[in-house]
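Participant: Structure supplied as my_file.cif; contents: mmCIF, C-alpha atoms.
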```
data_structure
#
loop_
_atom_site.label_atom_id
_atom_site.label_comp_id
_atom_site.auth_asym_id
_atom_site.auth_seq_id
_atom_site.Cartn_x
_atom_site.Cartn_y
_atom_site.Cartn_z
CA MET U 1073 17.95 117.37 128.93
CA SER U 1074 14.75 116.59 130.78
CA THR U 1075 11.78 118.37 132.23
CA ILE U 1076 9.56 116.90 134.88
CA THR U 1077 6.31 118.06 136.37
CA ALA U 1078 5.88 116.03 139.56
CA LYS U 1079 7.96 114.58 142.35
CA PRO U 1080 7.48 111.37 144.35
CA GLU U 1081 7.33 111.33 148.11
CA THR U 1082 10.10 109.74 150.10
CA ASN U 1083 9.23 106.88 152.39
CA PRO U 1084 10.32 106.77 156.06
CA ASN U 1085 13.62 105.09 155.11
CA GLY U 1086 14.49 108.04 153.01
CA HIS U 1087 14.31 105.87 149.90
CA LEU U 1088 12.12 106.89 147.05
CA SER U 1089 8.70 105.31 146.98
CA VAL U 1090 7.64 103.74 143.74
CA LEU U 1091 4.67 105.50 142.20
CA THR U 1092 1.60 103.31 142.49
CA PRO U 1093 -1.68 102.81 140.62
CA GLY U 1094 -4.03 105.78 140.68
CA MET U 1095 -1.22 108.36 140.78
CA GLN U 1096 -0.69 110.78 137.93
CA ALA U 1097 2.30 109.73 135.83
CA PRO U 1098 4.87 112.55 135.95
CA ASP U 1099 5.34 114.02 132.50
CA PHE U 1100 8.84 114.16 131.05
CA THR U 1101 10.73 114.95 127.89
CA LEU U 1102 13.79 112.84 127.09
CA ARG U 1103 16.04 112.32 124.11
CA CYS U 1104 15.37 109.19 122.09
CA THR U 1105 18.08 109.91 119.52
CA PRO U 1106 20.92 112.44 119.59
CA ASP U 1107 18.69 115.00 117.87
CA GLN U 1108 15.11 113.98 118.77
CA SER U 1109 13.10 114.07 121.98
CA VAL U 1110 9.93 112.38 123.16
CA SER U 1111 7.46 113.63 125.78
CA LEU U 1112 5.16 111.36 127.71
CA ASN U 1113 2.18 113.61 126.99
CA GLU U 1114 2.58 112.97 123.26
CA PHE U 1115 1.12 109.53 123.96
CA ARG U 1116 -2.00 110.85 125.71
CA GLY U 1117 -5.03 108.94 124.46
CA ARG U 1118 -3.17 105.63 124.31
CA PRO U 1119 -1.83 103.34 127.02
CA VAL U 1120 1.94 103.63 127.55
CA VAL U 1121 4.31 100.99 128.88
CA LEU U 1122 7.42 102.43 130.56
CA ALA U 1123 10.18 99.86 130.99
CA PHE U 1124 12.97 101.24 133.19
CA TYR U 1125 16.09 99.08 133.08
CA PRO U 1126 19.58 99.39 134.56
CA ALA U 1127 21.82 99.49 131.51
CA ASP U 1128 22.20 98.86 127.80
CA TRP U 1129 24.36 95.81 127.05
CA SER U 1130 23.96 94.01 130.37
CA PRO U 1131 22.73 90.45 129.78
CA VAL U 1132 19.32 90.48 131.47
CA CYS U 1133 18.39 93.85 129.99
CA GLY U 1134 19.26 92.49 126.60
CA ASP U 1135 16.95 89.52 127.09
CA GLN U 1136 14.19 91.68 128.50
CA MET U 1137 14.31 94.22 125.69
CA ALA U 1138 14.68 91.41 123.11
CA LEU U 1139 11.51 89.82 124.52
CA TYR U 1140 9.52 93.08 124.39
CA ASN U 1141 10.80 93.62 120.87
CA GLU U 1142 9.08 90.37 119.85
CA MET U 1143 5.85 91.50 121.47
CA LEU U 1144 5.25 94.81 119.74
CA ASP U 1145 2.32 93.33 117.79
CA GLU U 1146 0.66 92.28 121.04
CA PHE U 1147 1.16 95.72 122.57
CA GLN U 1148 -0.17 97.22 119.35
CA GLU U 1149 -3.39 95.23 119.76
CA PHE U 1150 -4.01 97.39 122.83
CA GLN U 1151 -2.84 100.53 120.92
CA ALA U 1152 -0.16 100.68 123.59
CA GLU U 1153 3.19 102.42 123.14
CA LEU U 1154 6.28 100.84 124.66
CA VAL U 1155 9.37 102.82 125.61
CA GLY U 1156 12.54 101.66 127.36
CA ILE U 1157 14.31 104.06 129.75
CA SER U 1158 17.81 103.89 131.21
CA VAL U 1159 20.51 106.37 132.19
CA ASP U 1160 22.56 105.53 129.10
CA GLY U 1161 23.04 108.35 126.61
CA ALA U 1162 21.31 108.58 123.24
CA TRP U 1163 24.38 107.44 121.29
CA CYS U 1164 24.74 104.37 123.47
CA HIS U 1165 21.02 103.61 123.08
CA GLY U 1166 21.42 103.97 119.32
CA ALA U 1167 24.19 101.38 119.17
CA PHE U 1168 22.34 99.02 121.52
CA ALA U 1169 19.10 99.30 119.54
CA LYS U 1170 20.93 98.70 116.27
CA GLN U 1171 22.76 95.65 117.58
CA ASN U 1172 19.54 94.09 118.88
CA LYS U 1173 17.33 95.34 116.04
CA LEU U 1174 14.98 96.99 118.52
CA HIS U 1175 11.89 98.57 116.99
CA PHE U 1176 10.77 100.75 119.89
CA PRO U 1177 12.28 103.91 121.37
CA LEU U 1178 14.89 103.87 124.12
CA LEU U 1179 14.89 107.09 126.12
CA ALA U 1180 18.01 108.58 127.69
CA ASP U 1181 17.48 109.58 131.34
CA PHE U 1182 20.94 111.04 131.07
CA GLU U 1183 20.98 114.73 132.01
CA PRO U 1184 20.27 115.39 134.79
CA LYS U 1185 21.12 111.77 135.33
CA GLY U 1186 18.23 109.59 136.46
CA ALA U 1187 15.83 112.52 136.99
CA VAL U 1188 12.86 110.72 135.46
CA ALA U 1189 13.63 107.48 137.31
CA ARG U 1190 13.73 109.54 140.53
CA ALA U 1191 10.36 111.08 139.70
CA TYR U 1192 8.90 107.60 139.39
CA GLY U 1193 10.68 106.39 142.52
CA VAL U 1194 12.81 103.83 140.72
CA TYR U 1195 16.33 105.29 140.81
CA ASP U 1196 18.98 103.16 142.48
CA GLU U 1197 21.20 105.73 144.22
CA LYS U 1198 23.85 103.17 145.10
CA ASP U 1199 24.45 101.89 141.58
CA GLY U 1200 23.53 105.12 139.85
CA THR U 1201 21.12 103.36 137.50
CA CYS U 1202 17.40 102.90 137.02
CA GLU U 1203 15.88 99.96 138.79
CA ARG U 1204 14.23 97.28 136.68
CA ALA U 1205 10.71 98.65 136.87
CA LEU U 1206 7.57 98.58 134.77
CA PHE U 1207 4.71 101.06 134.60
CA VAL U 1208 1.53 100.83 132.58
CA ILE U 1209 -0.06 104.25 132.17
CA ASP U 1210 -3.65 104.67 131.03
CA PRO U 1211 -4.71 106.91 128.12
CA ALA U 1212 -5.47 109.76 130.57
CA GLY U 1213 -1.96 109.66 132.04
CA THR U 1214 -2.77 107.84 135.29
CA ILE U 1215 -0.64 104.95 136.47
CA GLN U 1216 -2.61 101.72 136.05
CA TRP U 1217 0.01 99.24 137.23
CA SER U 1218 3.60 99.28 138.45
CA TYR U 1219 6.11 96.60 139.28
CA VAL U 1220 9.73 96.61 140.45
CA SER U 1221 11.67 93.46 139.70
CA PRO U 1222 14.81 92.22 141.44
CA VAL U 1223 17.57 93.74 139.35
CA GLY U 1224 18.92 90.42 138.03
CA VAL U 1225 15.53 88.99 137.14
CA ASN U 1226 13.82 89.50 133.82
CA PRO U 1227 10.21 90.35 134.76
CA GLY U 1228 8.88 89.14 131.42
CA ALA U 1229 5.75 90.54 129.87
CA ASN U 1230 2.89 88.70 131.52
CA GLY U 1231 2.24 91.48 134.06
CA ILE U 1232 2.21 94.11 131.32
CA LEU U 1233 -0.30 92.15 129.25
CA SER U 1234 -2.56 91.59 132.26
CA ALA U 1235 -2.48 95.33 133.06
CA LEU U 1236 -3.31 96.22 129.45
CA GLU U 1237 -6.19 93.73 129.49
CA ASP U 1238 -7.53 95.21 132.73
CA LEU U 1239 -7.32 98.65 131.20
CA LYS U 1240 -9.22 97.50 128.13
CA THR U 1241 -11.92 95.85 130.25
CA LYS U 1242 -12.22 99.00 132.35
CA SER U 1243 -12.58 101.28 129.33
CA GLU U 1244 -15.16 98.93 127.75
CA THR U 1245 -17.15 98.90 131.01
CA THR U 1246 -17.00 102.69 131.22
CA ALA U 1247 -18.06 103.01 127.59
CA ALA U 1248 -20.96 100.62 128.15
CA ALA U 1249 -22.13 102.61 131.20
CA LYS U 1250 -22.39 105.80 129.17
CA MET Q 526 -5.59 82.52 121.92
CA SER Q 527 -6.62 80.64 124.14
CA ALA Q 528 -6.84 80.19 127.60
CA ARG Q 529 -7.51 76.64 126.50
CA ILE Q 530 -3.83 75.84 126.07
CA PRO Q 531 -2.32 74.73 129.37
CA LEU Q 532 0.46 77.26 129.68
CA THR Q 533 3.02 75.25 131.57
CA LEU Q 534 2.22 71.59 130.85
CA PRO Q 535 2.70 69.68 127.60
CA ASP Q 536 -0.64 68.96 125.98
CA PRO Q 537 -0.62 65.64 124.10
CA GLU Q 538 -3.62 66.80 122.09
CA ARG Q 539 -1.85 69.84 120.76
CA ASP Q 540 1.88 69.78 121.33
CA HIS Q 541 4.69 67.80 119.80
CA ILE Q 542 5.36 65.25 122.46
CA SER Q 543 7.90 62.53 122.95
CA GLY Q 544 7.90 59.70 125.48
CA SER Q 545 4.66 58.48 126.97
CA ALA Q 546 1.48 60.52 127.21
CA ASP Q 547 0.96 58.67 130.51
CA GLY Q 548 4.43 59.67 131.79
CA LEU Q 549 4.24 60.99 135.33
CA ILE Q 550 7.12 63.40 134.78
CA ARG Q 551 5.97 66.12 132.47
CA LEU Q 552 8.69 68.31 131.02
CA LEU Q 553 7.87 71.22 128.72
CA GLU Q 554 10.54 73.21 126.90
CA TYR Q 555 10.12 76.58 125.24
CA GLY Q 556 13.00 76.90 122.79
CA ASP Q 557 14.48 78.66 119.78
CA TYR Q 558 16.44 76.71 117.14
CA GLU Q 559 18.96 79.52 116.78
CA CYS Q 560 19.52 80.01 120.52
CA PRO Q 561 22.95 78.71 121.55
CA PHE Q 562 21.78 77.80 125.06
CA CYS Q 563 18.99 75.67 123.61
CA ALA Q 564 21.45 73.82 121.40
CA GLU Q 565 23.71 73.32 124.39
CA VAL Q 566 20.98 71.70 126.46
CA GLN Q 567 19.69 69.54 123.59
CA PRO Q 568 22.01 66.52 124.17
CA ILE Q 569 21.18 66.70 127.88
CA ILE Q 570 17.47 66.45 127.10
CA LYS Q 571 18.17 63.47 124.84
CA GLU Q 572 20.04 61.75 127.66
CA ILE Q 573 17.22 62.51 130.11
CA GLN Q 574 14.73 61.01 127.65
CA ARG Q 575 16.92 57.92 127.30
CA ARG Q 576 17.21 57.44 131.05
CA LEU Q 577 13.62 58.16 132.02
CA GLY Q 578 11.99 56.37 129.10
CA ASN Q 579 8.24 56.09 129.45
CA ASP Q 580 8.21 57.82 132.84
CA LEU Q 581 8.71 61.03 130.89
CA LEU Q 582 6.34 63.07 128.78
CA PHE Q 583 8.42 65.69 126.96
CA GLY Q 584 6.86 68.51 124.98
CA PHE Q 585 8.42 71.31 122.93
CA ARG Q 586 6.99 74.72 122.07
CA ASN Q 587 8.52 77.42 119.92
CA PHE Q 588 9.78 80.66 121.40
CA PRO Q 589 11.78 82.25 118.57
CA LEU Q 590 13.37 85.66 119.19
CA THR Q 591 13.23 86.56 115.54
CA ASN Q 592 14.96 89.93 115.68
CA ILE Q 593 18.15 88.70 117.27
CA HIS Q 594 17.93 85.25 115.63
CA PRO Q 595 17.02 85.90 112.01
CA HIS Q 596 16.79 82.20 111.08
CA SER Q 597 14.73 81.15 114.07
CA GLU Q 598 11.28 81.67 112.55
CA HIS Q 599 11.89 79.66 109.37
CA ALA Q 600 13.66 76.97 111.38
CA ALA Q 601 10.62 76.68 113.66
CA GLU Q 602 8.34 76.58 110.63
CA ALA Q 603 10.48 73.84 109.09
CA ALA Q 604 10.10 71.74 112.23
CA GLU Q 605 6.34 72.28 112.16
CA ALA Q 606 6.22 71.45 108.45
CA ALA Q 607 8.20 68.28 109.16
CA GLY Q 608 5.67 67.53 111.88
CA THR Q 609 2.88 67.60 109.31
CA GLN Q 610 4.91 64.99 107.43
CA LYS Q 611 5.16 62.98 110.66
CA ASN Q 612 8.76 63.73 111.51
CA PHE Q 613 8.83 66.73 113.83
CA TRP Q 614 11.46 65.26 116.13
CA GLY Q 615 13.80 64.27 113.29
CA MET Q 616 13.85 67.86 112.07
CA HIS Q 617 13.98 69.22 115.63
CA ASP Q 618 17.16 67.25 116.37
CA THR Q 619 18.72 68.06 113.00
CA LEU Q 620 18.14 71.80 113.46
CA PHE Q 621 19.78 71.89 116.87
CA GLU Q 622 22.69 69.76 115.63
CA ASN Q 623 23.24 72.14 112.70
CA GLN Q 624 22.48 75.44 114.35
CA GLY Q 625 25.11 77.30 112.32
CA ALA Q 626 23.42 76.40 109.00
CA LEU Q 627 19.75 77.37 109.00
CA ASP Q 628 19.25 79.12 105.66
CA ASP Q 629 16.23 77.99 103.62
CA ASP Q 630 18.57 75.93 101.37
CA ASP Q 631 19.84 74.15 104.46
CA LEU Q 632 16.30 73.47 105.64
CA ALA Q 633 15.47 71.92 102.26
CA GLU Q 634 18.58 69.77 102.47
CA TYR Q 635 17.65 68.51 105.94
CA ALA Q 636 14.14 67.71 104.72
CA ALA Q 637 15.61 65.65 101.89
CA GLU Q 638 18.00 63.87 104.24
CA LEU Q 639 15.07 62.97 106.47
CA GLY Q 640 13.20 61.57 103.48
CA LEU Q 641 10.55 64.28 103.55
CA ASP Q 642 8.91 66.08 100.67
CA GLU Q 643 11.32 69.01 100.61
CA THR Q 644 9.41 70.95 97.95
CA ARG Q 645 6.29 70.90 100.05
CA LEU Q 646 8.22 71.75 103.21
CA ILE Q 647 9.89 74.81 101.69
CA ARG Q 648 6.64 75.92 100.07
CA GLU Q 649 4.92 75.80 103.46
CA VAL Q 650 7.82 77.58 105.17
CA THR Q 651 7.93 80.43 102.67
CA ALA Q 652 4.13 80.77 102.83
CA SER Q 653 4.33 80.99 106.67
CA VAL Q 654 1.72 78.26 106.96
CA TYR Q 655 2.70 77.50 110.55
CA ALA Q 656 3.39 81.06 111.69
CA PRO Q 657 0.07 81.34 113.59
CA ARG Q 658 0.78 78.16 115.53
CA ILE Q 659 4.30 79.34 116.39
CA ARG Q 660 2.86 82.65 117.54
CA GLU Q 661 0.37 80.76 119.69
CA ASP Q 662 3.28 78.85 121.25
CA PHE Q 663 5.10 82.13 121.85
CA LYS Q 664 2.11 83.83 123.44
CA SER Q 665 1.37 80.88 125.70
CA GLY Q 666 4.99 81.09 126.82
CA VAL Q 667 4.79 84.80 127.61
CA ARG Q 668 1.60 84.26 129.61
CA GLY Q 669 3.14 81.29 131.41
CA GLY Q 670 6.25 83.21 132.50
CA VAL Q 671 8.78 82.47 129.77
CA ASN Q 672 11.24 85.37 129.55
CA GLY Q 673 13.94 83.82 127.40
CA THR Q 674 15.14 80.48 126.10
CA PRO Q 675 15.41 77.75 126.96
CA THR Q 676 12.73 77.76 129.64
CA PHE Q 677 11.64 74.48 131.18
CA PHE Q 678 8.52 73.64 133.13
CA ILE Q 679 8.59 70.51 135.24
CA ASN Q 680 5.09 69.27 136.05
CA GLY Q 681 3.83 72.79 135.49
CA GLU Q 682 6.42 74.62 137.60
CA ARG Q 683 9.04 76.82 135.98
CA TYR Q 684 12.52 75.44 136.53
CA ASP Q 685 15.12 78.17 137.05
CA GLY Q 686 18.00 75.96 138.18
CA ALA Q 687 21.17 74.80 136.46
CA ARG Q 688 20.68 73.10 133.11
CA ASP Q 689 23.18 70.28 133.46
CA LEU Q 690 22.27 66.59 133.52
CA LYS Q 691 22.86 66.10 137.23
CA HIS Q 692 20.71 68.98 138.38
CA LEU Q 693 17.94 68.31 135.90
CA LEU Q 694 17.79 64.60 136.77
CA ASN Q 695 17.75 65.40 140.48
CA VAL Q 696 14.74 67.61 140.04
CA LEU Q 697 13.00 65.28 137.63
CA THR Q 698 13.45 61.92 139.31
CA PRO Q 699 11.95 62.48 142.78
CA GLN Q 700 8.65 62.84 141.01
CA THR Q 701 8.58 59.17 139.97
CA LYS Q 702 8.76 58.01 143.59
#
```
How does the structure come out when it is put into structure tokens?
Facilitator:
Amino acid sequence: MSTITAKPETNPNGHLSVLTPGMQAPDFTLRCTPDQSVSLNEFRGRPVVLAFYPADWSPVCGDQMALYNEMLDEFQEFQAELVGISVDGAWCHGAFAKQNKLHFPLLADFEPKGAVARAYGVYDEKDGTCERALFVIDPAGTIQWSYVSPVGVNPGANGILSALEDLKTKSETTAAAK
Amino acid sequence: MSARIPLTLPDPERDHISGSADGLIRLLEYGDYECPFCAEVQPIIKEIQRRLGNDLLFGFRNFPLTNIHPHSEHAAEAAEAAGTQKNFWGMHDTLFENQGALDDDDLAEYAAELGLDETRLIREVTASVYAPRIREDFKSGVRGGVNGTPTFFINGERYDGARDLKHLLNVLTPQTK
């Protein structure tokens, strides 16, 4: 179950282009548990970190999500919400989150499969999974920063923190100018 | 936190260091006492320290993944508490050598074995006296590019190669020439 409001352009190779800073983040609604859904626009007013990853249970994803799980306090300092997104179903996410004691939502880009990843230009058609991609979205719903990592490499959190800091500086500058 | 902490080099003023502060080879590890890969590499680090002697400056910072390793935070605090009693490295080695037994009772026992004031150590651990310092280690790691453990930095550069003695020595030793 998902609804999406925007589509990315395709690049000359016919591959999807990754959405870049300044673009409106496509809204979506995805299941986070078998009986609950989350919409991106529910987070309006706060920065959002979208962490697309290929699959629950694969080793690098585990490390990456385990790292972010340790950093929720830091994200909270920026009032930022973190969500993980993969094509795994809600039941699979539930088991994965329980095993790793994850304290942030994992969204199921499951039906139609990969539709949200496609909208953000980070669906890997060949493997049928999300790419390992990060987006930081500002409180107004505009993409502030995006990054696609090689699939086997944990991108860490430094880029996310830098983007959140930039966002904070920008909003303070704007506030000061008013 | 500070931009003041060098993110990828051991800082003799701040960090727990072993070897010589003048060592030309500077090796920094971010580790977690409950991480099996960190325990696996521990004897290799000891051997590297033995072979390189005073050419090496080795520093250790904490990077506990506390949700998947429930004992890692208290273990790190115990090492820090032992450091206050001037025996960080004794506790550090003991924790890695006894990774399967890191309950608070175990930590107290190790403190006693090392001749430390175990009552004080456990009091400090349960009061999270060193939690801010461990968090500072963790954050410096995240900002420096640590994504998991163990992560090594050799003279400030992240080392992503194999963690066996031969490979590590190969990368470390050219820097003395």
Participant: Using all atoms listed in the file, which residues sit within 12 Å of Leu1174 in chain U once same-chain residues fewer than 4 positions away are excluded, as a PyMOL selection string?
Facilitator: (chain U and resi 1128+1134-1144+1154-1156+1165-1170+1178) or (chain Q and resi 590-593)
Participant: Taking all atoms listed in the file into account, which of U:Val1188, U:Val1132, U:Ala1247, U:Ile1157 comes nearest chain Q?
Facilitator: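 Result for the nearest residue to chain Q: U:Val1132.
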Participant: Which neighbours of Asp1181 in chain U fall inside 8 Å, counting all atoms listed in the file, when residues of the same chain fewer than 2 positions from it are skipped, and could you give them as a PyMOL selection string?
Facilitator: chain U and resi 1074+1102-1103+1157-1161+1179+1183-1189
Participant: Would you list which chain Q residues are within 10 Å of chain U using all atoms listed in the file, as an NGL selection string?
Facilitator: :Q and (588-594 or 663-674)
Participant: How many Å separate CA of Cys1202 in chain U from CA of Phe1124 in chain U?
Facilitator: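 Straight-line distance from CA of Cys1202 in chain U to CA of Phe1124 in chain U works out to 6.1 Å.
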Participant: Spell out the residues picked by the PyMOL selection byres ((chain Q and resi 540-542) around 7) here, as a ChimeraX atom specification.
Facilitator: /Q:535-539,543-544,582-585
